[in-house]
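Here is the structure we will look at, set down as C-alpha cells.
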Amino acid sequence: MDPFESFRIAWRNLLRNRRRTLITSFSVAFGVLLSVTFSASGDYSYTNMINSSATLGFGHLAIEPPGFNDAPTLAARLDGVDEMRRRALRLGEVENAYPRIMGQAMFATGSKSIGGQVIGIDPALENREHNIFIKSIVEGELFRESSSRGVLVGDRMAEKLKLGLGKKLIYTLTDRSGEMVSGICRVSAIFNTGVDDVDSSVILLPIDTLRKVLGYEPAAASLVSVFIRDQRRVEEVRDRLETVIGDRGREILTWRETQAELAGLIAIDRAGNYLMQGLVGLLIAAGILNTMMMSVMERSREFGIMMAVGMAPSQVVAMVVAESFLIGVLGLLMGVVLTTPWYLYMVRVGIDLSSQIGVDYSTSGVLVDPVLKFRLFKESAIAIAAGVFGLTMLAGIYPAYKAGRVAPVDSIRTL
C-alpha cells in the first residue's frame with residue numbers, strides 16, 4: 001500500500017467518527033490559541049521593554065572604555081567617538097548612534113542638593129525616538145546648541161529643588177583628573193518619563209559644555225550608544241561592529257550586559273512562559289493520546305481482519321500515524337481560523353490593564369506599557385506550529401504501535 005493510500009484510508013477512518021475527530025482537532029486548535037497568546041504577548045512585552053531601556057542612555061549596544069560598565073567613572077573616556085559613530089552607521093542594521101557622556105554628579109540650588117546622573121548629549125544628533133528624556137518633555141524645549149548652558153531636568157527633581165524654566169542649577173562632578181569641578185546651567189525644559197527614580201535623578205546637559213567642564217578633548221565621550229532596527233540581532237550586529245570599528249581601546253556591550261537586571265528579569269519571565277506552554281502542550285498531547293488509544297481499541301477487530309487478509313503490521317502502523325498527521329494538520333488549520341480574530345484584535349486594540357497595575361508601573365527602571373498587545377515574530381510562529389504538530393504526531397506513535405501489535409486470530413475471535 002503506497003503512502004497516498006494510507007492517507008486516503010486514514011481520512012475515511014477519521015470521517016467515520018466526525019464528532020471525535022472535530023473534538024480532537026479542536027483541542028489542537030485551542031493549543032495553538034494558547035501558544036500564540038503566550039508567545040505573542042511575550043514578544044510584544046519583551047521588545048517594548050528592551051527598546052525602552054535602550055532609550056535611557058545606553059542603546060541596544062554601547063561602545064565603551066574597558067571596564068566602564070562595571071565601574072562607571074567620568075575619568076574613563078573614549079577618544080575619536082565621531083569616527084566610531086560614522087563607522088557604526090555604515091552597517092545597514094544600525095538606525096543611529098550617539099556619542100554621550102554619562103556619570104554621577106551632585107545637583108544643587110539655593111534650597112537643597114541631591115545626587116543623581118548626568119548625561120551629556122549633542123542636540124543636533126539626537127532623535128527623540130531614541131531618547132526617552134527628549135520624548136517626555138512636558139514643559140519648555142531642549143537646548144539647541146551643544147555648547148549652551150541649558151539643562152533638561154525631570155519633574156520630580158524640579159519639585160525637590162524648586163526649579164522652574166530659566167532657573168539656575170549647579171552641578172558638581174569629578175573631572176578626568178579626579179578633581180572636583182562645577183558648572184552652572186539654566187533649566188530649558190522639564191521631562192516626565194513616568195518612572196519616579198528616573199525623573200528625580202537624571203539631567204541632560206549639552207555635550208560640548210560638559211566636555212569643557214571635564215577637560216575632555218573635542219571628540220571624547222563616555223560611550224557611543226548604538227540603536228539597531230531589530231533587537232533580536234544584537235549579537236550579530238555586535239560582532240560586525242567589532243570588525244568595523246577595530247581595536248581602539250574599547251569594548252562593545254549588548255543591552256544584556258548594560259541592562260543586566262532587565263535581561264535577568266526577561267530571562268526568568270520567558271522561562272516561565274515556555275514552562276506554561278510546555279504544560280499546556282503536554283495536557284493536549286495526553287488528550288490526543290487518550291482519544292487515539294480509544295480509537296485503536298475500538299478497531300482492534302478491524303485491524304486484525306486487515307492483517308489476516310494480507311496487510312502488513314507496518315502498514316497498519318502507517319495508517320494510524322497518518323491519522324495523527326491529518327488530525328495535526330486539521331487542528332493547525334482550525335487553530336489559524338480560531339486565533340486570527342483574537343490576534344488581530346490584540347495587535348490593533350489590546351487590553352488596557354492600567355486600572356489593575358496603576359499609572360506608574362516600572363521594572364528595572366523601565367516603564368512597562370499598561371496596554372497588553374500582541375506581536376508575533378516569524379520564528380515564534382514557526383516554533384508554535386512545529387511544537388503543536390510535533391506533539392500531535394508523538395501522541396499518535398504509541399497507539400500506532402499498539403495497532404500494529406494486534407494479533408489477527410485473537411482479535412477476530414472477539415466481537
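Going by the C-alpha cells order, chains are called A, B, ..., each with residues numbered from 1, while ligands are numbered from 1 in the order shown.
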
| said: Env of Thr109 in chain A: 10 Å cut, atoms = only C-alpha atoms, seq-sep filter 4 positions within chain, self excluded. Answer as a ChimeraX atom specification. | reply: /A:113-114,160-163,167-171

| query | Where in range 228-386 of chain A does DSSP assign alpha helix (DSSP H), given as a VMD selection string? | reply | chain A and resid 234 to 245 255 to 258 260 to 298 300 to 308 313 to 348 354 to 357 378 to 386

Would you list the contacts of Trp342 in chain A as a PDB file with C-alpha atoms, in the first residue's frame, taking every protein, DNA or RNA residue within 10 Å and counting only C-alpha atoms, but skipping same-chain residues closer than 3 positions in sequence?
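The file below, part-v9.pdb, is the result:
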```pdb
ATOM      1  CA  LEU A  33      -4.594  29.732  20.509  1.00  0.00           C
ATOM      2  CA  VAL A  36       0.037  32.269  20.293  1.00  0.00           C
ATOM      3  CA  THR A  37      -1.341  34.171  23.291  1.00  0.00           C
ATOM      4  CA  VAL A 337      -9.163  30.263  11.978  1.00  0.00           C
ATOM      5  CA  LEU A 338      -9.763  30.373  15.749  1.00  0.00           C
ATOM      6  CA  THR A 339      -6.726  32.505  16.574  1.00  0.00           C
ATOM      7  CA  TYR A 345      -7.809  42.446  17.927  1.00  0.00           C
ATOM      8  CA  MET A 346      -4.859  42.268  20.312  1.00  0.00           C
ATOM      9  CA  VAL A 347      -2.477  43.738  17.730  1.00  0.00           C
ATOM     10  CA  GLY A 350      -5.133  45.252  23.105  1.00  0.00           C
ATOM     11  CA  PHE A 374       0.449  41.074  20.659  1.00  0.00           C
TER      12      PHE A 374
END
```

| request: Please provide as a ChimeraX atom specification all residues within 7 Å of Gly215 in chain A, with the sequence filter that same-chain residues fewer than 4 positions apart are discarded (counting only C-alpha atoms). | output: /A:175-176,211

| request: Could you jot down the CA of Gly249 in chain A to CA of Pro65 in chain A separation for me, Å, one decimal place? | output: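 Result for CA of Gly249 in chain A versus CA of Pro65 in chain A: 6.6 Å, one decimal.
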